[in-house]
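**Student:** I'm passing along upload06.cif; it holds mmCIF, C-alpha atoms.
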data_structure
loop_
_atom_site.group_PDB
_atom_site.id
_atom_site.type_symbol
_atom_site.label_atom_id
_atom_site.label_comp_id
_atom_site.auth_asym_id
_atom_site.auth_seq_id
_atom_site.Cartn_x
_atom_site.Cartn_y
_atom_site.Cartn_z
ATOM 1 C CA MET A 1 -2.765 -13.925 -14.216
ATOM 2 C CA THR A 2 -5.405 -11.898 -16.045
ATOM 3 C CA GLU A 3 -5.152 -8.582 -17.851
ATOM 4 C CA GLN A 4 -7.680 -5.851 -18.556
ATOM 5 C CA THR A 5 -7.878 -2.200 -19.555
ATOM 6 C CA VAL A 6 -9.853 0.602 -17.899
ATOM 7 C CA SER A 7 -10.462 4.234 -18.760
ATOM 8 C CA ASP A 8 -10.488 7.414 -16.700
ATOM 9 C CA THR A 9 -13.861 9.041 -17.374
ATOM 10 C CA ALA A 10 -14.339 11.274 -14.332
ATOM 11 C CA ARG A 11 -12.457 13.320 -11.779
ATOM 12 C CA PRO A 12 -12.806 13.504 -7.993
ATOM 13 C CA ASP A 13 -15.520 16.023 -7.174
ATOM 14 C CA GLY A 14 -13.995 17.428 -4.013
ATOM 15 C CA PRO A 15 -11.545 16.883 -1.176
ATOM 16 C CA GLY A 16 -12.035 13.980 1.215
ATOM 17 C CA ARG A 17 -13.389 14.505 4.698
ATOM 18 C CA ARG A 18 -11.144 15.249 7.674
ATOM 19 C CA GLU A 19 -7.771 15.891 6.107
ATOM 20 C CA ARG A 20 -4.946 16.074 8.634
ATOM 21 C CA GLU A 21 -1.169 15.916 8.566
ATOM 22 C CA GLY A 22 1.680 15.727 11.039
ATOM 23 C CA ALA A 23 4.200 13.388 12.658
ATOM 24 C CA ARG A 24 2.471 10.186 13.754
ATOM 25 C CA ALA A 25 4.186 7.057 15.085
ATOM 26 C CA GLY A 26 7.567 8.431 14.041
ATOM 27 C CA LEU A 27 6.737 9.243 10.409
ATOM 28 C CA PHE A 28 5.159 12.319 8.842
ATOM 29 C CA THR A 29 1.677 11.192 7.804
ATOM 30 C CA ARG A 30 -1.240 12.689 5.879
ATOM 31 C CA SER A 31 -4.655 11.357 6.908
ATOM 32 C CA PHE A 32 -7.770 11.459 4.750
ATOM 33 C CA GLY A 33 -11.332 10.423 5.529
ATOM 34 C CA PRO A 34 -12.640 8.721 8.680
ATOM 35 C CA PRO A 35 -10.381 7.244 11.392
ATOM 36 C CA PRO A 36 -8.531 4.002 10.566
ATOM 37 C CA ARG A 37 -10.622 0.866 10.924
ATOM 38 C CA ALA A 38 -9.921 -2.843 10.999
ATOM 39 C CA ASP A 39 -11.635 -3.729 7.728
ATOM 40 C CA GLY A 40 -10.582 -1.135 5.176
ATOM 41 C CA THR A 41 -7.722 1.313 5.788
ATOM 42 C CA VAL A 42 -5.633 2.139 2.700
ATOM 43 C CA VAL A 43 -1.909 2.904 3.104
ATOM 44 C CA PRO A 44 -0.145 4.341 0.020
ATOM 45 C CA VAL A 45 3.632 3.814 -0.258
ATOM 46 C CA HIS A 46 5.515 6.382 -2.346
ATOM 47 C CA GLY A 47 8.455 5.972 -4.709
ATOM 48 C CA LEU A 48 12.148 6.826 -4.692
ATOM 49 C CA GLY A 49 13.101 10.106 -2.972
ATOM 50 C CA LEU A 50 9.511 11.359 -2.960
ATOM 51 C CA SER A 51 6.861 12.022 -0.323
ATOM 52 C CA GLY A 52 3.276 10.896 -0.017
ATOM 53 C CA ARG A 53 2.006 14.217 -1.433
ATOM 54 C CA TYR A 54 1.545 12.882 -4.948
ATOM 55 C CA PHE A 55 -1.009 10.391 -3.613
ATOM 56 C CA THR A 56 -3.323 13.241 -2.576
ATOM 57 C CA PRO A 57 -5.692 13.054 -5.614
ATOM 58 C CA LEU A 58 -6.212 9.315 -5.112
ATOM 59 C CA ALA A 59 -6.461 9.635 -1.314
ATOM 60 C CA ARG A 60 -9.131 12.329 -1.601
ATOM 61 C CA ARG A 61 -11.120 10.249 -4.060
ATOM 62 C CA LEU A 62 -11.022 7.160 -1.816
ATOM 63 C CA ALA A 63 -11.799 9.204 1.313
ATOM 64 C CA ALA A 64 -14.803 10.800 -0.382
ATOM 65 C CA ALA A 65 -16.289 7.290 -0.604
ATOM 66 C CA GLY A 66 -15.703 6.709 3.122
ATOM 67 C CA THR A 67 -12.358 4.894 3.041
ATOM 68 C CA PRO A 68 -9.728 5.840 5.657
ATOM 69 C CA VAL A 69 -6.364 6.642 4.014
ATOM 70 C CA LEU A 70 -3.040 7.100 5.836
ATOM 71 C CA VAL A 71 -0.222 8.420 3.621
ATOM 72 C CA PRO A 72 3.248 8.327 5.227
ATOM 73 C CA ASP A 73 6.556 9.770 4.083
ATOM 74 C CA LEU A 74 8.962 6.839 4.363
ATOM 75 C CA PRO A 75 11.897 7.221 6.798
ATOM 76 C CA GLY A 76 14.678 9.414 5.400
ATOM 77 C CA ASN A 77 12.399 10.936 2.749
ATOM 78 C CA ALA A 78 10.994 14.474 2.515
ATOM 79 C CA ARG A 79 9.234 15.417 5.768
ATOM 80 C CA SER A 80 10.268 12.139 7.447
ATOM 81 C CA ARG A 81 13.912 12.934 6.736
ATOM 82 C CA ALA A 82 14.725 13.209 10.435
ATOM 83 C CA ALA A 83 13.221 9.779 11.144
ATOM 84 C CA ALA A 84 16.432 8.106 9.915
ATOM 85 C CA HIS A 85 20.057 9.160 10.430
ATOM 86 C CA ARG A 86 21.001 7.350 7.237
ATOM 87 C CA MET A 87 18.863 6.093 4.375
ATOM 88 C CA PRO A 88 17.401 2.669 5.250
ATOM 89 C CA ASP A 89 17.439 -0.170 2.749
ATOM 90 C CA VAL A 90 14.198 -1.630 1.410
ATOM 91 C CA GLU A 91 13.656 -4.166 4.186
ATOM 92 C CA ARG A 92 14.435 -1.688 6.980
ATOM 93 C CA ALA A 93 11.997 0.782 5.414
ATOM 94 C CA ALA A 94 9.376 -1.992 5.370
ATOM 95 C CA ASP A 95 10.029 -2.744 9.043
ATOM 96 C CA ALA A 96 9.701 0.949 9.956
ATOM 97 C CA LEU A 97 6.397 1.122 8.097
ATOM 98 C CA ALA A 98 5.234 -2.021 9.928
ATOM 99 C CA ARG A 99 6.036 -0.474 13.325
ATOM 100 C CA ARG A 100 4.044 2.609 12.410
ATOM 101 C CA HIS A 101 1.159 0.448 11.159
ATOM 102 C CA ARG A 102 0.876 -1.395 14.481
ATOM 103 C CA ARG A 103 0.506 1.917 16.310
ATOM 104 C CA LEU A 104 -1.988 3.573 13.961
ATOM 105 C CA SER A 105 -4.156 0.903 12.327
ATOM 106 C CA PRO A 106 -6.429 -1.531 14.206
ATOM 107 C CA GLY A 107 -6.187 -4.256 11.549
ATOM 108 C CA PRO A 108 -4.532 -5.347 8.293
ATOM 109 C CA SER A 109 -4.488 -2.692 5.579
ATOM 110 C CA LEU A 110 -4.633 -2.503 1.814
ATOM 111 C CA LEU A 111 -1.237 -1.236 0.646
ATOM 112 C CA VAL A 112 -1.143 0.850 -2.550
ATOM 113 C CA ALA A 113 2.469 1.283 -3.674
ATOM 114 C CA ASN A 114 4.017 3.104 -6.616
ATOM 115 C CA SER A 115 7.361 2.625 -8.351
ATOM 116 C CA VAL A 116 10.169 1.688 -5.917
ATOM 117 C CA GLY A 117 7.537 1.786 -3.161
ATOM 118 C CA CYS A 118 6.326 -1.533 -4.609
ATOM 119 C CA GLN A 119 9.540 -3.134 -3.366
ATOM 120 C CA VAL A 120 8.915 -1.800 0.158
ATOM 121 C CA ALA A 121 5.300 -2.996 0.079
ATOM 122 C CA ALA A 122 6.254 -6.481 -1.130
ATOM 123 C CA ALA A 123 8.901 -6.766 1.597
ATOM 124 C CA LEU A 124 6.370 -5.676 4.229
ATOM 125 C CA ALA A 125 3.785 -8.199 2.971
ATOM 126 C CA VAL A 126 6.318 -11.025 3.323
ATOM 127 C CA ARG A 127 8.038 -9.935 6.557
ATOM 128 C CA HIS A 128 4.828 -8.841 8.337
ATOM 129 C CA PRO A 129 2.003 -10.781 6.622
ATOM 130 C CA ARG A 130 -0.589 -10.164 9.343
ATOM 131 C CA LEU A 131 -0.485 -6.425 8.635
ATOM 132 C CA VAL A 132 -1.471 -6.677 4.952
ATOM 133 C CA ARG A 133 -4.963 -7.521 3.707
ATOM 134 C CA ARG A 134 -4.370 -6.885 -0.002
ATOM 135 C CA LEU A 135 -1.718 -5.329 -2.200
ATOM 136 C CA VAL A 136 -1.863 -2.941 -5.160
ATOM 137 C CA LEU A 137 1.364 -2.360 -7.091
ATOM 138 C CA LEU A 138 1.339 0.697 -9.379
ATOM 139 C CA GLY A 139 4.151 0.546 -11.928
ATOM 140 C CA PRO A 140 6.879 -1.464 -10.144
ATOM 141 C CA ALA A 141 9.893 0.435 -11.416
ATOM 142 C CA LEU A 142 13.201 -1.381 -11.244
ATOM 143 C CA GLU A 143 13.279 -4.270 -13.674
ATOM 144 C CA PRO A 144 16.067 -6.766 -12.847
ATOM 145 C CA GLY A 145 18.870 -6.780 -15.385
ATOM 146 C CA VAL A 146 18.330 -3.149 -16.387
ATOM 147 C CA SER A 147 21.244 -0.861 -15.497
ATOM 148 C CA GLY A 148 20.988 2.277 -13.370
ATOM 149 C CA PRO A 149 21.716 4.642 -16.309
ATOM 150 C CA ARG A 150 19.055 2.933 -18.391
ATOM 151 C CA HIS A 151 16.533 3.293 -15.578
ATOM 152 C CA CYS A 152 17.399 7.012 -15.431
ATOM 153 C CA GLY A 153 16.796 7.237 -19.164
ATOM 154 C CA ARG A 154 13.370 5.666 -18.734
ATOM 155 C CA LEU A 155 12.579 8.191 -15.982
ATOM 156 C CA LEU A 156 13.529 11.111 -18.222
ATOM 157 C CA ALA A 157 11.393 9.693 -21.045
ATOM 158 C CA ASP A 158 8.403 9.482 -18.701
ATOM 159 C CA ALA A 159 8.638 13.078 -17.449
ATOM 160 C CA PRO A 160 6.978 14.760 -20.490
ATOM 161 C CA ARG A 161 4.046 12.351 -20.170
ATOM 162 C CA GLU A 162 3.232 13.434 -16.595
ATOM 163 C CA PRO A 163 1.255 16.520 -15.473
ATOM 164 C CA LEU A 164 3.397 19.596 -14.831
ATOM 165 C CA SER A 165 2.031 19.830 -11.284
ATOM 166 C CA LEU A 166 3.382 16.359 -10.543
ATOM 167 C CA LEU A 167 6.838 17.294 -11.834
ATOM 168 C CA MET A 168 6.853 20.357 -9.571
ATOM 169 C CA THR A 169 5.810 18.252 -6.566
ATOM 170 C CA ALA A 170 8.506 15.682 -7.332
ATOM 171 C CA ALA A 171 11.197 18.352 -7.721
ATOM 172 C CA THR A 172 10.334 19.833 -4.314
ATOM 173 C CA ASP A 173 10.370 16.393 -2.690
ATOM 174 C CA TYR A 174 13.746 15.525 -4.227
ATOM 175 C CA LEU A 175 15.183 18.743 -2.786
ATOM 176 C CA LEU A 176 13.750 17.960 0.661
ATOM 177 C CA THR A 177 15.147 14.435 0.590
ATOM 178 C CA GLY A 178 18.518 15.631 -0.728
ATOM 179 C CA PRO A 179 20.810 14.248 -3.454
ATOM 180 C CA LEU A 180 22.969 12.121 -1.144
ATOM 181 C CA ARG A 181 19.993 10.352 0.387
ATOM 182 C CA PHE A 182 18.383 9.966 -3.014
ATOM 183 C CA ALA A 183 21.567 8.295 -4.326
ATOM 184 C CA ALA A 184 21.754 6.010 -1.281
ATOM 185 C CA SER A 185 18.099 5.046 -1.687
ATOM 186 C CA LEU A 186 18.660 4.282 -5.379
ATOM 187 C CA ARG A 187 21.593 2.001 -4.529
ATOM 188 C CA HIS A 188 19.485 0.127 -1.976
ATOM 189 C CA ALA A 189 16.601 -0.192 -4.443
ATOM 190 C CA LEU A 190 18.799 -1.478 -7.285
ATOM 191 C CA ARG A 191 20.354 -4.055 -4.952
ATOM 192 C CA ASP A 192 16.907 -5.197 -3.822
ATOM 193 C CA ALA A 193 15.620 -5.353 -7.416
ATOM 194 C CA ALA A 194 18.577 -7.517 -8.437
ATOM 195 C CA GLY A 195 18.038 -9.969 -5.585
ATOM 196 C CA ALA A 196 15.252 -9.948 -3.022
ATOM 197 C CA PHE A 197 12.330 -8.339 -4.883
ATOM 198 C CA GLU A 198 11.328 -11.266 -7.076
ATOM 199 C CA GLY A 199 11.804 -13.602 -4.111
ATOM 200 C CA HIS A 200 9.407 -11.456 -2.111
ATOM 201 C CA LEU A 201 6.845 -11.443 -4.923
ATOM 202 C CA VAL A 202 6.584 -15.236 -5.053
ATOM 203 C CA ARG A 203 6.001 -15.293 -1.280
ATOM 204 C CA VAL A 204 3.246 -12.661 -1.113
ATOM 205 C CA ALA A 205 0.296 -14.481 0.444
ATOM 206 C CA VAL A 206 -2.472 -11.937 -0.293
ATOM 207 C CA PRO A 207 -4.360 -11.100 -3.509
ATOM 208 C CA THR A 208 -2.419 -8.506 -5.507
ATOM 209 C CA LEU A 209 -3.425 -6.147 -8.304
ATOM 210 C CA VAL A 210 -0.667 -4.817 -10.588
ATOM 211 C CA ILE A 211 -1.578 -1.544 -12.351
ATOM 212 C CA ARG A 212 0.361 0.090 -15.168
ATOM 213 C CA GLY A 213 -0.306 3.327 -16.982
ATOM 214 C CA ALA A 214 -0.390 2.410 -20.665
ATOM 215 C CA GLY A 215 2.105 5.201 -21.434
ATOM 216 C CA ASP A 216 4.560 4.246 -18.672
ATOM 217 C CA THR A 217 8.140 4.232 -20.001
ATOM 218 C CA ILE A 218 9.621 3.173 -16.648
ATOM 219 C CA ALA A 219 7.696 -0.060 -15.988
ATOM 220 C CA SER A 220 7.529 -1.955 -19.272
ATOM 221 C CA HIS A 221 4.513 -4.012 -20.289
ATOM 222 C CA ALA A 222 6.609 -7.205 -20.329
ATOM 223 C CA TRP A 223 7.924 -6.524 -16.807
ATOM 224 C CA ILE A 224 4.435 -5.906 -15.420
ATOM 225 C CA ARG A 225 3.265 -9.182 -16.926
ATOM 226 C CA ARG A 226 6.198 -10.956 -15.261
ATOM 227 C CA VAL A 227 5.414 -9.375 -11.874
ATOM 228 C CA ALA A 228 1.803 -10.574 -12.097
ATOM 229 C CA ARG A 229 2.935 -14.094 -13.051
ATOM 230 C CA LEU A 230 5.365 -14.278 -10.121
ATOM 231 C CA LEU A 231 2.638 -13.421 -7.609
ATOM 232 C CA PRO A 232 0.688 -16.456 -6.320
ATOM 233 C CA ASP A 233 -2.582 -14.506 -6.696
ATOM 234 C CA GLY A 234 -1.824 -11.608 -9.033
ATOM 235 C CA ARG A 235 -3.425 -9.972 -12.045
ATOM 236 C CA ALA A 236 -2.420 -7.062 -14.271
ATOM 237 C CA VAL A 237 -4.448 -4.039 -15.407
ATOM 238 C CA ASP A 238 -3.628 -1.230 -17.870
ATOM 239 C CA VAL A 239 -4.916 2.344 -17.487
ATOM 240 C CA PRO A 240 -5.011 4.139 -20.870
ATOM 241 C CA GLY A 241 -3.938 7.765 -20.995
ATOM 242 C CA ALA A 242 -1.749 7.487 -17.898
ATOM 243 C CA ALA A 243 2.013 7.208 -17.494
ATOM 244 C CA HIS A 244 4.062 6.051 -14.491
ATOM 245 C CA ALA A 245 2.059 7.924 -11.831
ATOM 246 C CA ALA A 246 -1.388 6.704 -12.890
ATOM 247 C CA HIS A 247 -2.728 7.366 -9.387
ATOM 248 C CA TYR A 248 -1.988 11.082 -9.897
ATOM 249 C CA SER A 249 -3.095 11.621 -13.501
ATOM 250 C CA ALA A 250 -6.036 9.168 -13.454
ATOM 251 C CA PRO A 251 -7.195 8.985 -9.797
ATOM 252 C CA GLU A 252 -10.795 8.125 -10.642
ATOM 253 C CA ALA A 253 -9.843 5.130 -12.791
ATOM 254 C CA VAL A 254 -7.318 3.863 -10.247
ATOM 255 C CA ALA A 255 -9.740 4.391 -7.343
ATOM 256 C CA ARG A 256 -12.419 2.357 -9.143
ATOM 257 C CA LEU A 257 -9.953 -0.465 -9.702
ATOM 258 C CA ILE A 258 -8.948 -0.439 -6.038
ATOM 259 C CA GLU A 259 -12.554 -0.387 -4.817
ATOM 260 C CA GLU A 260 -13.569 -3.234 -7.118
ATOM 261 C CA PHE A 261 -10.496 -5.212 -6.127
ATOM 262 C CA ALA A 262 -11.110 -4.664 -2.402
ATOM 263 C CA ALA A 263 -14.748 -5.706 -2.713
ATOM 264 C CA VAL A 264 -14.030 -9.163 -4.164
ATOM 265 C CA GLU A 265 -13.752 -11.686 -1.366
ATOM 266 C CA THR A 266 -11.574 -14.724 -2.071
ATOM 267 C CA ASP A 267 -12.463 -18.231 -0.888
ATOM 268 C CA ALA A 268 -9.673 -18.043 1.703
ATOM 269 C CA GLU A 269 -10.938 -14.701 3.044
ATOM 270 C CA GLU A 270 -14.503 -16.034 3.221
ATOM 271 C CA ALA A 271 -13.302 -19.151 5.040
ATOM 272 C CA GLY A 272 -11.329 -17.016 7.491
ATOM 273 C CA ARG A 273 -14.315 -14.759 8.118
ATOM 274 C CA THR A 274 -16.580 -17.783 8.663
ATOM 275 C CA GLU A 275 -14.049 -19.311 11.046
ATOM 276 C CA GLU A 276 -13.778 -16.057 13.005
ATOM 277 C CA THR A 277 -17.576 -15.793 13.227
ATOM 278 C CA GLY A 278 -17.718 -19.397 14.455
ATOM 279 C CA ARG A 279 -15.120 -18.694 17.132
ATOM 280 C CA ARG A 280 -17.031 -15.658 18.338
ATOM 281 C CA GLU A 281 -20.298 -17.594 18.481
ATOM 282 C CA GLU A 282 -18.624 -20.464 20.342
ATOM 283 C CA THR A 283 -17.053 -18.027 22.804
ATOM 284 C CA GLY A 284 -20.440 -16.390 23.342
ATOM 285 C CA LYS A 285 -22.103 -19.753 23.980
ATOM 286 C CA THR A 286 -19.364 -20.765 26.426
ATOM 287 C CA GLU A 287 -19.662 -17.488 28.316
ATOM 288 C CA GLU A 288 -23.458 -17.784 28.392
ATOM 289 C CA THR A 289 -23.249 -21.375 29.690
ATOM 290 C CA GLY A 290 -20.764 -20.292 32.355
ATOM 291 C CA ARG A 291 -23.039 -17.488 33.502
ATOM 292 C CA ALA A 292 -26.000 -19.855 33.670
ATOM 293 C CA GLU A 293 -24.022 -22.375 35.733
ATOM 294 C CA GLU A 294 -22.853 -19.648 38.124
ATOM 295 C CA ALA A 295 -26.406 -18.401 38.525
ATOM 296 C CA GLY A 296 -27.615 -21.964 39.218
ATOM 297 C CA LYS A 297 -24.972 -22.523 41.876
ATOM 298 C CA ALA A 298 -25.788 -19.225 43.547
ATOM 299 C CA GLU A 299 -29.502 -20.071 43.549
ATOM 300 C CA GLU A 300 -28.824 -23.526 44.988
ATOM 301 C CA ALA A 301 -26.633 -22.061 47.723
ATOM 302 C CA GLY A 302 -29.389 -19.614 48.600
ATOM 303 C CA GLU A 303 -31.941 -22.372 48.948
ATOM 304 C CA LYS A 304 -29.683 -24.380 51.281
ATOM 305 C CA ALA A 305 -29.127 -21.334 53.431
#
For the file at hand, write its structure as C-alpha cells.
**Tutor:**
Amino acid sequence: MTEQTVSDTARPDGPGRREREGARAGLFTRSFGPPPRADGTVVPVHGLGLSGRYFTPLARRLAAAGTPVLVPDLPGNARSRAAAHRMPDVERAADALARRHRRLSPGPSLLVANSVGCQVAAALAVRHPRLVRRLVLLGPALEPGVSGPRHCGRLLADAPREPLSLLMTAATDYLLTGPLRFAASLRHALRDAAGAFEGHLVRVAVPTLVIRGAGDTIASHAWIRRVARLLPDGRAVDVPGAAHAAHYSAPEAVARLIEEFAAVETDAEEAGRTEETGRREETGKTEETGRAEEAGKAEEAGEKA
C-alpha cells in the first residue's frame, strides 16, 4: 500500500459531449461522452439513498477528455425506485448492476464508487470479476465496529464541509428514495460492513485506488489505510480541501487521479494483452493457411478436370 496527496487546482471547463439520460437495461442511467467501449468505460456507483446525479461534475470532466461514462441509479434508489419492489441488499444490488453492465458495456469497466457504493462495487468485483477492469473507492463509509448512531453523527459532521448544492441534491434524492427504503438500505449496508465487505476486499483481483477527502469525517484516515492494506493491489490517496464527496467538490483532482491510475498497465494486464494479441495472430495465421489450402485444392481439382 502506498499513500500520496494531490491538490485540486482547476475546474472542468465545460459539460461533456453527448449527455443523455433515461431508463436503460432496467435502471435509470445518465450517459456522458462517447458510446461505451471495451477498453475504457467508467461506471460510477453512488452512495446510500442517493442517485448518480452527484457524480455529474466528475462525469463531465472525464467525458470532456473522451472517456465514456455511464452513471446509474441503483435499484430502489431515486429514479430507479421502481426497479425493485423492496430494497435489495448489497450483493443483490451488485448483481443487478452486473446484469445492466452486460447489456450496455462491451467490455470490463472501471468502477468509481463512493461511500456505501464502495460495498456494492467490491461485491460486484468479486461476484462478477470479468466485468471489472479496475476499481476506485472514494471514501468507503461504514467502518466495521462503528455503531449506526455514530455513523449518523459522522454524516452530520461532514455536512457543513460539503458544498450547499450537494446538500440540496442529496436532500432531493433522499426524498425520492423515501425514508423506509433509506432505512432498509442502511440496515443492509451495516450488515454487509460487519461481515462480507472486508471479505470481498481481500478477494478483489484488480488494481484498486482508494481516495479520501482530507476533511472527510465519515471515512476516517485509519479506516482508509486499512481498506488499502486489505486489497491485494491497493493504494491510498488523500485529496486536500475535500470532504466525503471529493468527486463533487474536487472533480478535477479526482479525475486526474483516475486518469493516471487507468493509464498504468500492470504486469498481469500487459501479459494478458500480449496473450490476446498472440491468440489473434495465431487465429489469423490458421485462417490464412486454411484459405491457402482450400485454394490449392480447388486449383488442383480444376487441373484434373
**Student:** Quick one: residues within 9 Å of Thr172 in chain A, all atoms listed in the file counted, chain neighbours fewer than 5 positions away excluded, as number ranges by chain?
**Tutor:** A: 50, 78, 167, 177
**Student:** Could you tell me which of A:Ala59, A:Leu74, A:Leu176, A:Leu201 comes closest to Arg127 in chain A if we count only C-alpha atoms?
**Tutor:**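 Checking each candidate against Arg127 in chain A, we get A:Leu201 as the closest.
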**Student:** With all atoms listed in the file as the basis for distance, which of A:Asn77, A:Thr208, A:Ser31, A:Ser105 is at the shortest distance from Val136 in chain A?
**Tutor:**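 That would be A:Thr208, the residue with the smallest distance to Val136 in chain A.
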**Student:** Can you check which parts of range 186-278 of chain A lie within 12 Å of range 106-113 of chain A? Per residue, the shortest pair of atoms and distance in Å to one decimal, counting only C-alpha atoms, sorted by chain and number, as a Markdown table.
**Tutor:**
| residue | atom | partner | partner_atom | distance |
| --- | --- | --- | --- | --- |
| A:Val206 | CA | A:Leu110 | CA | 9.9 |
| A:Pro207 | CA | A:Leu110 | CA | 10.1 |
| A:Thr208 | CA | A:Leu111 | CA | 9.6 |
| A:Leu209 | CA | A:Val112 | CA | 9.3 |
| A:Val210 | CA | A:Ala113 | CA | 9.7 |
| A:Ile211 | CA | A:Ala113 | CA | 10.0 |
| A:Arg212 | CA | A:Ala113 | CA | 11.7 |
| A:His244 | CA | A:Ala113 | CA | 11.9 |
| A:Ala245 | CA | A:Ala113 | CA | 10.5 |
| A:Ala246 | CA | A:Ala113 | CA | 11.4 |
| A:His247 | CA | A:Val112 | CA | 9.6 |
| A:Val254 | CA | A:Val112 | CA | 10.3 |
| A:Ala255 | CA | A:Val112 | CA | 10.5 |
| A:Leu257 | CA | A:Val112 | CA | 11.4 |
| A:Ile258 | CA | A:Val112 | CA | 8.6 |
| A:Glu259 | CA | A:Leu110 | CA | 10.5 |
| A:Phe261 | CA | A:Leu110 | CA | 10.2 |
| A:Ala262 | CA | A:Leu110 | CA | 8.0 |
| A:Ala263 | CA | A:Leu110 | CA | 11.5 |
**Student:** So which one's closest to Arg102 in chain A, A:Val146, A:Ala214, A:Ala38, A:Val264? Using only C-alpha atoms, please.
**Tutor:**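 Going through A:Val146, A:Ala214, A:Ala38, A:Val264 one by one, the smallest distance to Arg102 in chain A is for A:Ala38.
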